[in-house]
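Asker: One structure follows; several queries about it will come next.
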Amino acid sequence: MEKNVFVMDHPLIQHKLTHLRDKNTGTKEFKELVSEIATLECYEATRDLPLQDIEIETPMGKATTKVIAGRKLAFVPILRAGLGMVEGVLNLVPAAKVGHIGLYRDEKTLKPVEYYNKLPHDIEERDVIVLDPMLATGGSAIDAITIIKRSHPRSIKFMCIIAAPEGLEALSKEHPDVPIICAAVDEKLNDIGYIVPGLGDAGDRIFGTK
């Protein structure tokens with residue numbers, strides 16, 4: 001396992017992941033599960049946000065308590081499957097900005113092709129969490145992070161649900177400074193670049209397309 005990889009083995013996540021993998025899970029439930037898992041993963045991905053003390057008034061008197069110390073977050077889903085994780089992370093951090101990176105996989109080369117790029121105007125002031133349910137070959141994640149790095153954000157993390165060992169190795173090699181948060185590391189990629197056992201095509205299952 002790469003040293004920058006954090007696998008969330010929390011029972012709630014693992015339970016939801018089982019239903020997510022099931023081929024009989026319908027589109028509505030699949031979307032809800034992706035969003036719920038993203039919320040739970042975001043809890044861990046934001047663990048290192050700095051805090052500062054402030055003084056407030058409770059009904060019983062003054063108290064010194066903590067708030068996040070002015071760090072700004074941005075979530076950047078990789079289109080289109082990454083969109084399924086956005087609602088879940090915004091449930092925890094509603095003030096975060098959302099950017100979008102559009103990449104599709106060339107069916108012959110399996111390499112990602114960029115078709116859309118829109119990031120928050122103040123991205124250099126923000127800590128970025130890149131979202132994509134699946135880390136397969138790693139190509140899309142590598143390219144998305146390379147694109148985002150050109151805008152010089154404060155930091156970047158990558159958050160997925162299921163990762164293949166090949167994708168973890170490739171992403172860690174190309175971007176060793178980027179922590180990777182996932183819910184499971186599966187066995188391998190098959191000969192057409194899909195994760196095994198995985199859950200099929202995340203984008204198709206989120207949006208009900210084939």
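Residue numbers start at 1 in each chain; chains themselves are named A, B, ... in the order of the structure tokens; ligands are numbered from 1 in the order shown.
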Step one, run DSSP on the backbone; step two, keep only residues of chain A assigned to strand (DSSP E); then write them as a ChimeraX atom specification.

Answerer: /A:5-7,51-58,61-68,72-79,97-98,100-105,112-118,126-131,134-135,155-159,162-163,180-182,184-185,188-189,195-196

Asker: Contacts between stretch 77-82 of chain A and stretch 146-207 of chain A, please, where a residue of stretch 146-207 of chain A counts if it comes within 12 Å (with only C-alpha atoms); show its shortest atom pair and distance in Å to one decimal, rows by chain and ascending number, as a Markdown table.

Answerer:
| residue | atom | partner | partner_atom | distance |
| --- | --- | --- | --- | --- |
| A:Ile147 | CA | A:Ile78 | CA | 11.4 |
| A:Ile148 | CA | A:Ile78 | CA | 11.3 |
| A:Lys157 | CA | A:Pro77 | CA | 11.8 |
| A:Phe158 | CA | A:Pro77 | CA | 9.8 |
| A:Met159 | CA | A:Pro77 | CA | 9.5 |
| A:Cys160 | CA | A:Gly82 | CA | 8.7 |
| A:Ile161 | CA | A:Gly82 | CA | 10.3 |
| A:Gly200 | CA | A:Ala81 | CA | 11.9 |
| A:Asp201 | CA | A:Ala81 | CA | 8.8 |
| A:Ala202 | CA | A:Ala81 | CA | 6.0 |
| A:Gly203 | CA | A:Ala81 | CA | 4.3 |
| A:Asp204 | CA | A:Ala81 | CA | 8.1 |
| A:Arg205 | CA | A:Ala81 | CA | 9.0 |
| A:Ile206 | CA | A:Ala81 | CA | 7.1 |
| A:Phe207 | CA | A:Ala81 | CA | 8.4 |

Asker: May I have the selected residues written with all heavy atoms, as a JSON list (two decimals), in the first residue's frame?

Answerer:
[["chain", "number", "residue", "atom", "x", "y", "z"],
["A", 147, "ILE", "N", -3.96, 19.47, -14.07],
["A", 147, "ILE", "CA", -4.67, 20.68, -14.49],
["A", 147, "ILE", "C", -4.86, 21.63, -13.31],
["A", 147, "ILE", "O", -4.60, 22.84, -13.41],
["A", 147, "ILE", "CB", -6.04, 20.32, -15.11],
["A", 147, "ILE", "CG1", -5.84, 19.58, -16.44],
["A", 147, "ILE", "CG2", -6.90, 21.56, -15.31],
["A", 147, "ILE", "CD1", -7.09, 18.88, -16.95],
["A", 148, "ILE", "N", -5.30, 21.10, -12.18],
["A", 148, "ILE", "CA", -5.57, 21.93, -11.01],
["A", 148, "ILE", "C", -4.28, 22.54, -10.46],
["A", 148, "ILE", "O", -4.26, 23.71, -10.03],
["A", 148, "ILE", "CB", -6.29, 21.11, -9.92],
["A", 148, "ILE", "CG1", -7.68, 20.70, -10.42],
["A", 148, "ILE", "CG2", -6.41, 21.90, -8.62],
["A", 148, "ILE", "CD1", -8.34, 19.62, -9.58],
["A", 157, "LYS", "N", -6.19, 17.08, -2.30],
["A", 157, "LYS", "CA", -6.41, 15.69, -1.91],
["A", 157, "LYS", "C", -7.29, 15.04, -2.98],
["A", 157, "LYS", "O", -8.04, 15.73, -3.68],
["A", 157, "LYS", "CB", -7.11, 15.59, -0.55],
["A", 157, "LYS", "CG", -6.27, 16.10, 0.61],
["A", 157, "LYS", "CD", -7.04, 16.00, 1.91],
["A", 157, "LYS", "CE", -6.21, 16.54, 3.07],
["A", 157, "LYS", "NZ", -6.95, 16.52, 4.35],
["A", 158, "PHE", "N", -7.19, 13.73, -3.07],
["A", 158, "PHE", "CA", -8.05, 12.99, -4.00],
["A", 158, "PHE", "C", -8.92, 12.03, -3.21],
["A", 158, "PHE", "O", -8.41, 11.27, -2.38],
["A", 158, "PHE", "CB", -7.21, 12.20, -5.02],
["A", 158, "PHE", "CG", -8.05, 11.42, -6.00],
["A", 158, "PHE", "CD1", -8.63, 12.05, -7.09],
["A", 158, "PHE", "CD2", -8.28, 10.06, -5.80],
["A", 158, "PHE", "CE1", -9.41, 11.34, -7.99],
["A", 158, "PHE", "CE2", -9.06, 9.34, -6.69],
["A", 158, "PHE", "CZ", -9.63, 9.98, -7.79],
["A", 159, "MET", "N", -10.23, 12.06, -3.46],
["A", 159, "MET", "CA", -11.16, 11.22, -2.72],
["A", 159, "MET", "C", -11.97, 10.38, -3.69],
["A", 159, "MET", "O", -12.63, 10.91, -4.59],
["A", 159, "MET", "CB", -12.09, 12.09, -1.87],
["A", 159, "MET", "CG", -12.85, 11.34, -0.81],
["A", 159, "MET", "SD", -13.70, 12.48, 0.31],
["A", 159, "MET", "CE", -15.29, 12.59, -0.48],
["A", 160, "CYS", "N", -11.90, 9.06, -3.53],
["A", 160, "CYS", "CA", -12.68, 8.14, -4.35],
["A", 160, "CYS", "C", -13.36, 7.13, -3.44],
["A", 160, "CYS", "O", -13.18, 7.16, -2.21],
["A", 160, "CYS", "CB", -11.80, 7.43, -5.38],
["A", 160, "CYS", "SG", -10.53, 6.36, -4.68],
["A", 161, "ILE", "N", -14.17, 6.27, -4.02],
["A", 161, "ILE", "CA", -14.83, 5.23, -3.24],
["A", 161, "ILE", "C", -14.10, 3.90, -3.39],
["A", 161, "ILE", "O", -13.75, 3.26, -2.41],
["A", 161, "ILE", "CB", -16.32, 5.12, -3.63],
["A", 161, "ILE", "CG1", -17.05, 6.43, -3.27],
["A", 161, "ILE", "CG2", -16.98, 3.94, -2.91],
["A", 161, "ILE", "CD1", -18.50, 6.49, -3.68],
["A", 200, "GLY", "N", -19.02, -1.90, -11.55],
["A", 200, "GLY", "CA", -19.43, -1.56, -12.90],
["A", 200, "GLY", "C", -19.05, -0.13, -13.25],
["A", 200, "GLY", "O", -18.09, 0.41, -12.70],
["A", 201, "ASP", "N", -19.80, 0.48, -14.16],
["A", 201, "ASP", "CA", -19.54, 1.86, -14.57],
["A", 201, "ASP", "C", -20.30, 2.80, -13.64],
["A", 201, "ASP", "O", -21.53, 2.86, -13.66],
["A", 201, "ASP", "CB", -19.99, 2.07, -16.02],
["A", 201, "ASP", "CG", -19.59, 3.44, -16.55],
["A", 201, "ASP", "OD1", -20.04, 4.46, -15.99],
["A", 201, "ASP", "OD2", -18.85, 3.48, -17.54],
["A", 202, "ALA", "N", -19.56, 3.54, -12.80],
["A", 202, "ALA", "CA", -20.20, 4.40, -11.80],
["A", 202, "ALA", "C", -21.08, 5.46, -12.44],
["A", 202, "ALA", "O", -22.18, 5.75, -11.97],
["A", 202, "ALA", "CB", -19.14, 5.04, -10.91],
["A", 203, "GLY", "N", -20.60, 6.07, -13.53],
["A", 203, "GLY", "CA", -21.39, 7.11, -14.19],
["A", 203, "GLY", "C", -22.70, 6.57, -14.71],
["A", 203, "GLY", "O", -23.77, 7.18, -14.52],
["A", 204, "ASP", "N", -22.68, 5.41, -15.36],
["A", 204, "ASP", "CA", -23.91, 4.81, -15.86],
["A", 204, "ASP", "C", -24.87, 4.48, -14.74],
["A", 204, "ASP", "O", -26.09, 4.69, -14.86],
["A", 204, "ASP", "CB", -23.59, 3.53, -16.65],
["A", 204, "ASP", "CG", -23.05, 3.82, -18.05],
["A", 204, "ASP", "OD1", -23.20, 4.96, -18.51],
["A", 204, "ASP", "OD2", -22.47, 2.91, -18.66],
["A", 205, "ARG", "N", -24.35, 3.99, -13.63],
["A", 205, "ARG", "CA", -25.23, 3.60, -12.52],
["A", 205, "ARG", "C", -25.78, 4.81, -11.78],
["A", 205, "ARG", "O", -26.89, 4.76, -11.24],
["A", 205, "ARG", "CB", -24.50, 2.64, -11.59],
["A", 205, "ARG", "CG", -24.13, 1.32, -12.27],
["A", 205, "ARG", "CD", -23.68, 0.27, -11.28],
["A", 205, "ARG", "NE", -24.79, -0.15, -10.43],
["A", 205, "ARG", "CZ", -24.66, -1.01, -9.42],
["A", 205, "ARG", "NH1", -23.45, -1.49, -9.11],
["A", 205, "ARG", "NH2", -25.70, -1.36, -8.68],
["A", 206, "ILE", "N", -25.02, 5.89, -11.71],
["A", 206, "ILE", "CA", -25.52, 7.12, -11.07],
["A", 206, "ILE", "C", -26.61, 7.78, -11.90],
["A", 206, "ILE", "O", -27.64, 8.22, -11.37],
["A", 206, "ILE", "CB", -24.36, 8.12, -10.83],
["A", 206, "ILE", "CG1", -23.43, 7.60, -9.73],
["A", 206, "ILE", "CG2", -24.90, 9.51, -10.47],
["A", 206, "ILE", "CD1", -22.11, 8.36, -9.65],
["A", 207, "PHE", "N", -26.40, 7.82, -13.22],
["A", 207, "PHE", "CA", -27.30, 8.58, -14.08],
["A", 207, "PHE", "C", -28.27, 7.71, -14.86],
["A", 207, "PHE", "O", -29.06, 8.21, -15.65],
["A", 207, "PHE", "CB", -26.48, 9.44, -15.04],
["A", 207, "PHE", "CG", -25.69, 10.49, -14.33],
["A", 207, "PHE", "CD1", -24.31, 10.36, -14.19],
["A", 207, "PHE", "CD2", -26.30, 11.60, -13.76],
["A", 207, "PHE", "CE1", -23.56, 11.33, -13.51],
["A", 207, "PHE", "CE2", -25.57, 12.55, -13.08],
["A", 207, "PHE", "CZ", -24.20, 12.43, -12.96]]

Asker: Quick one: DSSP helix (DSSP H, G or I) residues in stretch 92-189 of chain A, as a compact mmCIF listing (two decimals) with N, CA and C atoms, in the first residue's frame?

Answerer:
# COMPACT_ATOMS: atom_id res chain seq x y z
N LEU A 92 -21.61 18.50 4.42
CA LEU A 92 -20.70 18.79 5.54
C LEU A 92 -20.11 20.19 5.45
N ILE A 123 -9.02 29.95 -6.62
CA ILE A 123 -8.57 28.60 -6.33
C ILE A 123 -7.24 28.58 -5.59
N GLU A 124 -6.39 29.60 -5.82
CA GLU A 124 -5.08 29.62 -5.16
C GLU A 124 -5.20 29.83 -3.65
N GLU A 125 -6.36 30.26 -3.18
CA GLU A 125 -6.59 30.45 -1.74
C GLU A 125 -7.25 29.24 -1.09
N GLY A 139 -5.51 7.45 -14.78
CA GLY A 139 -5.26 8.47 -15.80
C GLY A 139 -6.07 9.74 -15.61
N SER A 140 -7.36 9.60 -15.36
CA SER A 140 -8.21 10.78 -15.19
C SER A 140 -7.80 11.58 -13.96
N ALA A 141 -7.55 10.88 -12.86
CA ALA A 141 -7.15 11.57 -11.62
C ALA A 141 -5.82 12.30 -11.82
N ILE A 142 -4.86 11.64 -12.45
CA ILE A 142 -3.55 12.25 -12.70
C ILE A 142 -3.71 13.52 -13.53
N ASP A 143 -4.48 13.43 -14.61
CA ASP A 143 -4.66 14.59 -15.49
C ASP A 143 -5.41 15.71 -14.80
N ALA A 144 -6.47 15.37 -14.04
CA ALA A 144 -7.25 16.39 -13.34
C ALA A 144 -6.37 17.13 -12.34
N ILE A 145 -5.58 16.39 -11.59
CA ILE A 145 -4.72 17.02 -10.58
C ILE A 145 -3.65 17.87 -11.26
N THR A 146 -3.10 17.39 -12.37
CA THR A 146 -2.12 18.18 -13.12
C THR A 146 -2.73 19.51 -13.57
N ILE A 147 -3.96 19.47 -14.07
CA ILE A 147 -4.67 20.68 -14.49
C ILE A 147 -4.86 21.63 -13.31
N ILE A 148 -5.30 21.10 -12.18
CA ILE A 148 -5.57 21.93 -11.01
C ILE A 148 -4.28 22.54 -10.46
N LYS A 149 -3.19 21.79 -10.50
CA LYS A 149 -1.92 22.30 -9.97
C LYS A 149 -1.44 23.54 -10.72
N PRO A 165 -5.34 -1.27 -7.35
CA PRO A 165 -3.92 -1.12 -7.01
C PRO A 165 -3.13 -0.39 -8.10
N GLU A 166 -3.47 -0.66 -9.37
CA GLU A 166 -2.76 -0.03 -10.48
C GLU A 166 -2.96 1.49 -10.46
N GLY A 167 -4.19 1.91 -10.15
CA GLY A 167 -4.47 3.34 -10.09
C GLY A 167 -3.78 4.03 -8.93
N LEU A 168 -3.77 3.37 -7.78
CA LEU A 168 -3.08 3.92 -6.61
C LEU A 168 -1.59 4.10 -6.90
N GLU A 169 -1.01 3.09 -7.52
CA GLU A 169 0.43 3.16 -7.82
C GLU A 169 0.72 4.29 -8.80
N ALA A 170 -0.10 4.38 -9.85
CA ALA A 170 0.15 5.40 -10.87
C ALA A 170 -0.04 6.80 -10.32
N LEU A 171 -1.12 7.02 -9.56
CA LEU A 171 -1.39 8.35 -9.02
C LEU A 171 -0.34 8.74 -7.98
N SER A 172 0.04 7.80 -7.14
CA SER A 172 1.06 8.08 -6.12
C SER A 172 2.41 8.39 -6.74
N LYS A 173 2.72 7.71 -7.83
CA LYS A 173 3.99 7.95 -8.51
C LYS A 173 4.02 9.32 -9.16
N GLU A 174 2.90 9.71 -9.80
CA GLU A 174 2.84 10.97 -10.52
C GLU A 174 2.65 12.16 -9.59

Asker: Could you give me, as a short mmCIF file (atom, residue, chain, number, x, y, z; two decimals) with all heavy atoms, in the first residue's frame, the residues within 10 Å of stretch 36-40 of chain A, counting only C-alpha atoms and dropping anything in the same chain fewer than 5 positions from it?

Answerer:
data_model
loop_
_atom_site.label_atom_id
_atom_site.label_comp_id
_atom_site.auth_asym_id
_atom_site.auth_seq_id
_atom_site.Cartn_x
_atom_site.Cartn_y
_atom_site.Cartn_z
N MET A 8 -10.67 3.99 4.32
CA MET A 8 -11.65 4.14 5.39
C MET A 8 -12.43 2.84 5.56
O MET A 8 -13.28 2.51 4.73
CB MET A 8 -12.60 5.30 5.09
CG MET A 8 -11.93 6.66 5.16
SD MET A 8 -13.14 8.00 5.28
CE MET A 8 -13.86 7.71 6.89
N HIS A 10 -14.45 2.12 8.08
CA HIS A 10 -15.53 2.30 9.06
C HIS A 10 -16.70 1.38 8.71
O HIS A 10 -17.07 1.24 7.54
CB HIS A 10 -15.98 3.77 9.05
CG HIS A 10 -16.88 4.11 10.18
ND1 HIS A 10 -18.20 3.75 10.22
CD2 HIS A 10 -16.65 4.80 11.32
CE1 HIS A 10 -18.75 4.20 11.33
NE2 HIS A 10 -17.83 4.83 12.02
N LEU A 12 -19.92 1.68 8.87
CA LEU A 12 -21.01 2.29 8.12
C LEU A 12 -20.66 2.40 6.64
O LEU A 12 -21.50 2.15 5.77
CB LEU A 12 -21.32 3.69 8.68
CG LEU A 12 -22.14 3.77 9.95
CD1 LEU A 12 -22.25 5.22 10.41
CD2 LEU A 12 -23.53 3.19 9.75
N ILE A 13 -19.43 2.78 6.35
CA ILE A 13 -19.00 2.89 4.96
C ILE A 13 -18.97 1.52 4.30
O ILE A 13 -19.46 1.34 3.17
CB ILE A 13 -17.63 3.56 4.86
CG1 ILE A 13 -17.73 5.04 5.27
CG2 ILE A 13 -17.05 3.44 3.44
CD1 ILE A 13 -16.42 5.79 5.22
N GLN A 14 -18.43 0.52 4.98
CA GLN A 14 -18.33 -0.81 4.40
C GLN A 14 -19.71 -1.41 4.14
O GLN A 14 -19.94 -2.09 3.13
CB GLN A 14 -17.49 -1.72 5.30
CG GLN A 14 -16.04 -1.27 5.43
CD GLN A 14 -15.35 -1.09 4.09
OE1 GLN A 14 -15.40 -1.97 3.23
NE2 GLN A 14 -14.72 0.05 3.89
N HIS A 15 -20.66 -1.16 5.05
CA HIS A 15 -22.03 -1.64 4.87
C HIS A 15 -22.66 -1.01 3.63
O HIS A 15 -23.24 -1.71 2.78
CB HIS A 15 -22.85 -1.30 6.12
CG HIS A 15 -24.29 -1.66 6.01
ND1 HIS A 15 -24.77 -2.92 6.26
CD2 HIS A 15 -25.38 -0.90 5.65
CE1 HIS A 15 -26.08 -2.94 6.07
NE2 HIS A 15 -26.47 -1.73 5.70
N LYS A 16 -22.52 0.30 3.49
CA LYS A 16 -23.10 0.99 2.34
C LYS A 16 -22.40 0.58 1.05
O LYS A 16 -23.02 0.48 -0.01
CB LYS A 16 -23.02 2.50 2.55
CG LYS A 16 -23.92 3.02 3.67
CD LYS A 16 -23.74 4.51 3.89
CE LYS A 16 -24.51 4.98 5.11
NZ LYS A 16 -25.98 4.84 4.93
N LEU A 17 -21.11 0.32 1.13
CA LEU A 17 -20.35 -0.08 -0.05
C LEU A 17 -20.82 -1.43 -0.59
O LEU A 17 -20.86 -1.64 -1.81
CB LEU A 17 -18.86 -0.13 0.29
CG LEU A 17 -17.88 -0.47 -0.84
CD1 LEU A 17 -18.05 0.49 -2.01
CD2 LEU A 17 -16.45 -0.41 -0.31
N LEU A 20 -23.78 -0.73 -2.58
CA LEU A 20 -23.37 0.01 -3.78
C LEU A 20 -22.87 -0.95 -4.86
O LEU A 20 -23.14 -0.77 -6.04
CB LEU A 20 -22.27 1.02 -3.41
CG LEU A 20 -21.96 2.12 -4.42
CD1 LEU A 20 -23.10 3.11 -4.50
CD2 LEU A 20 -20.67 2.84 -4.03
N PHE A 30 -28.61 3.84 -5.63
CA PHE A 30 -27.18 3.97 -5.93
C PHE A 30 -26.71 5.40 -5.73
O PHE A 30 -25.68 5.65 -5.09
CB PHE A 30 -26.92 3.52 -7.37
CG PHE A 30 -25.47 3.34 -7.71
CD1 PHE A 30 -24.84 2.13 -7.51
CD2 PHE A 30 -24.72 4.41 -8.21
CE1 PHE A 30 -23.48 1.96 -7.82
CE2 PHE A 30 -23.38 4.26 -8.52
CZ PHE A 30 -22.76 3.03 -8.32
N LYS A 31 -27.47 6.38 -6.26
CA LYS A 31 -27.12 7.79 -6.07
C LYS A 31 -27.05 8.14 -4.60
O LYS A 31 -26.14 8.85 -4.14
CB LYS A 31 -28.18 8.68 -6.74
CG LYS A 31 -28.12 8.76 -8.24
CD LYS A 31 -29.22 9.71 -8.71
CE LYS A 31 -29.28 9.80 -10.22
NZ LYS A 31 -30.40 10.64 -10.66
N ALA A 45 -11.50 13.31 5.35
CA ALA A 45 -10.66 14.12 4.46
C ALA A 45 -10.43 15.53 5.02
O ALA A 45 -9.45 16.18 4.67
CB ALA A 45 -11.31 14.22 3.08
N GLY A 84 -21.77 12.73 -8.65
CA GLY A 84 -22.55 11.98 -7.67
C GLY A 84 -22.09 12.15 -6.24
O GLY A 84 -22.84 11.85 -5.30
N MET A 85 -20.86 12.64 -6.04
CA MET A 85 -20.31 12.81 -4.70
C MET A 85 -20.49 14.23 -4.16
O MET A 85 -20.27 14.47 -2.97
CB MET A 85 -18.83 12.45 -4.70
CG MET A 85 -18.54 11.02 -5.16
SD MET A 85 -16.77 10.65 -5.32
CE MET A 85 -16.27 10.56 -3.60
N VAL A 86 -20.88 15.17 -5.02
CA VAL A 86 -20.88 16.58 -4.64
C VAL A 86 -21.88 16.89 -3.53
O VAL A 86 -21.56 17.55 -2.54
CB VAL A 86 -21.14 17.48 -5.86
CG1 VAL A 86 -21.30 18.94 -5.44
CG2 VAL A 86 -19.99 17.36 -6.86
N GLU A 87 -23.11 16.42 -3.68
CA GLU A 87 -24.13 16.72 -2.67
C GLU A 87 -23.71 16.22 -1.30
O GLU A 87 -23.89 16.89 -0.28
CB GLU A 87 -25.47 16.10 -3.07
CG GLU A 87 -26.59 16.43 -2.09
CD GLU A 87 -27.93 15.83 -2.50
OE1 GLU A 87 -28.02 15.28 -3.62
OE2 GLU A 87 -28.87 15.92 -1.70
N GLY A 88 -23.10 15.04 -1.28
CA GLY A 88 -22.68 14.46 -0.01
C GLY A 88 -21.64 15.29 0.71
O GLY A 88 -21.70 15.48 1.92
N VAL A 89 -20.64 15.80 -0.03
CA VAL A 89 -19.60 16.58 0.62
C VAL A 89 -20.10 17.98 1.00
O VAL A 89 -19.69 18.54 2.03
CB VAL A 89 -18.33 16.67 -0.25
CG1 VAL A 89 -17.69 15.29 -0.39
CG2 VAL A 89 -18.59 17.27 -1.62
N LEU A 90 -21.00 18.53 0.19
CA LEU A 90 -21.55 19.85 0.52
C LEU A 90 -22.46 19.79 1.74
O LEU A 90 -22.68 20.81 2.40
CB LEU A 90 -22.30 20.43 -0.67
CG LEU A 90 -21.44 20.89 -1.86
CD1 LEU A 90 -22.33 21.42 -2.98
CD2 LEU A 90 -20.44 21.97 -1.43
N ASN A 91 -22.98 18.62 2.05
CA ASN A 91 -23.75 18.47 3.29
C ASN A 91 -22.90 18.82 4.50
O ASN A 91 -23.41 19.35 5.50
CB ASN A 91 -24.28 17.04 3.43
CG ASN A 91 -25.47 16.76 2.54
OD1 ASN A 91 -26.17 17.69 2.13
ND2 ASN A 91 -25.71 15.51 2.23
N LEU A 92 -21.61 18.50 4.42
CA LEU A 92 -20.70 18.79 5.54
C LEU A 92 -20.11 20.19 5.45
O LEU A 92 -19.88 20.83 6.47
CB LEU A 92 -19.56 17.77 5.58
CG LEU A 92 -19.81 16.43 6.25
CD1 LEU A 92 -18.50 15.66 6.36
CD2 LEU A 92 -20.42 16.60 7.62
N VAL A 93 -19.82 20.64 4.24
CA VAL A 93 -19.13 21.92 4.05
C VAL A 93 -19.92 22.75 3.02
O VAL A 93 -19.49 22.92 1.87
CB VAL A 93 -17.68 21.72 3.57
CG1 VAL A 93 -16.89 23.03 3.76
CG2 VAL A 93 -17.00 20.59 4.30
N LEU A 131 -12.86 14.82 -6.60
CA LEU A 131 -13.83 13.76 -6.37
C LEU A 131 -14.02 12.90 -7.61
O LEU A 131 -14.24 13.41 -8.71
CB LEU A 131 -15.19 14.36 -5.99
CG LEU A 131 -15.23 15.36 -4.83
CD1 LEU A 131 -16.62 15.97 -4.73
CD2 LEU A 131 -14.84 14.70 -3.52
N ASP A 132 -13.95 11.58 -7.44
CA ASP A 132 -14.29 10.63 -8.50
C ASP A 132 -14.55 9.29 -7.82
O ASP A 132 -13.70 8.83 -7.05
CB ASP A 132 -13.14 10.50 -9.50
CG ASP A 132 -13.58 9.87 -10.82
OD1 ASP A 132 -14.72 9.38 -10.89
OD2 ASP A 132 -12.78 9.87 -11.77
N PRO A 133 -15.71 8.68 -8.05
CA PRO A 133 -16.01 7.44 -7.33
C PRO A 133 -15.00 6.32 -7.55
O PRO A 133 -14.74 5.53 -6.65
CB PRO A 133 -17.39 7.04 -7.88
CG PRO A 133 -18.00 8.30 -8.36
CD PRO A 133 -16.85 9.12 -8.88
N MET A 159 -10.23 12.06 -3.46
CA MET A 159 -11.16 11.22 -2.72
C MET A 159 -11.97 10.38 -3.69
O MET A 159 -12.63 10.91 -4.59
CB MET A 159 -12.09 12.09 -1.87
CG MET A 159 -12.85 11.34 -0.81
SD MET A 159 -13.70 12.48 0.31
CE MET A 159 -15.29 12.59 -0.48
N CYS A 160 -11.90 9.06 -3.53
CA CYS A 160 -12.68 8.14 -4.35
C CYS A 160 -13.36 7.13 -3.44
O CYS A 160 -13.18 7.16 -2.21
CB CYS A 160 -11.80 7.43 -5.38
SG CYS A 160 -10.53 6.36 -4.68
N ILE A 161 -14.17 6.27 -4.02
CA ILE A 161 -14.83 5.23 -3.24
C ILE A 161 -14.10 3.90 -3.39
O ILE A 161 -13.75 3.26 -2.41
CB ILE A 161 -16.32 5.12 -3.63
CG1 ILE A 161 -17.05 6.43 -3.27
CG2 ILE A 161 -16.98 3.94 -2.91
CD1 ILE A 161 -18.50 6.49 -3.68
N CYS A 182 -9.89 6.62 0.20
CA CYS A 182 -10.80 5.72 -0.49
C CYS A 182 -11.49 4.83 0.54
O CYS A 182 -11.11 4.78 1.71
CB CYS A 182 -10.08 4.88 -1.54
SG CYS A 182 -8.82 3.77 -0.91
N ALA A 183 -12.53 4.11 0.07
CA ALA A 183 -13.27 3.22 0.96
C ALA A 183 -12.85 1.76 0.78
O ALA A 183 -13.08 0.95 1.67
CB ALA A 183 -14.78 3.35 0.72
#

Asker: Kindly indicate which residue among A:Pro153, A:Arg21, A:Arg105, A:Gly99 lies nearest to A:Asp186, using only C-alpha atoms for the distances.

Answerer: A:Arg21

Asker: Could you tell me which of A:His152, A:Lys72, A:Lys62, A:Lys108 comes closest to A:Pro94 if we count only C-alpha atoms?

Answerer: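 Answer, going by the shortest atom-to-atom distance: A:Lys72.
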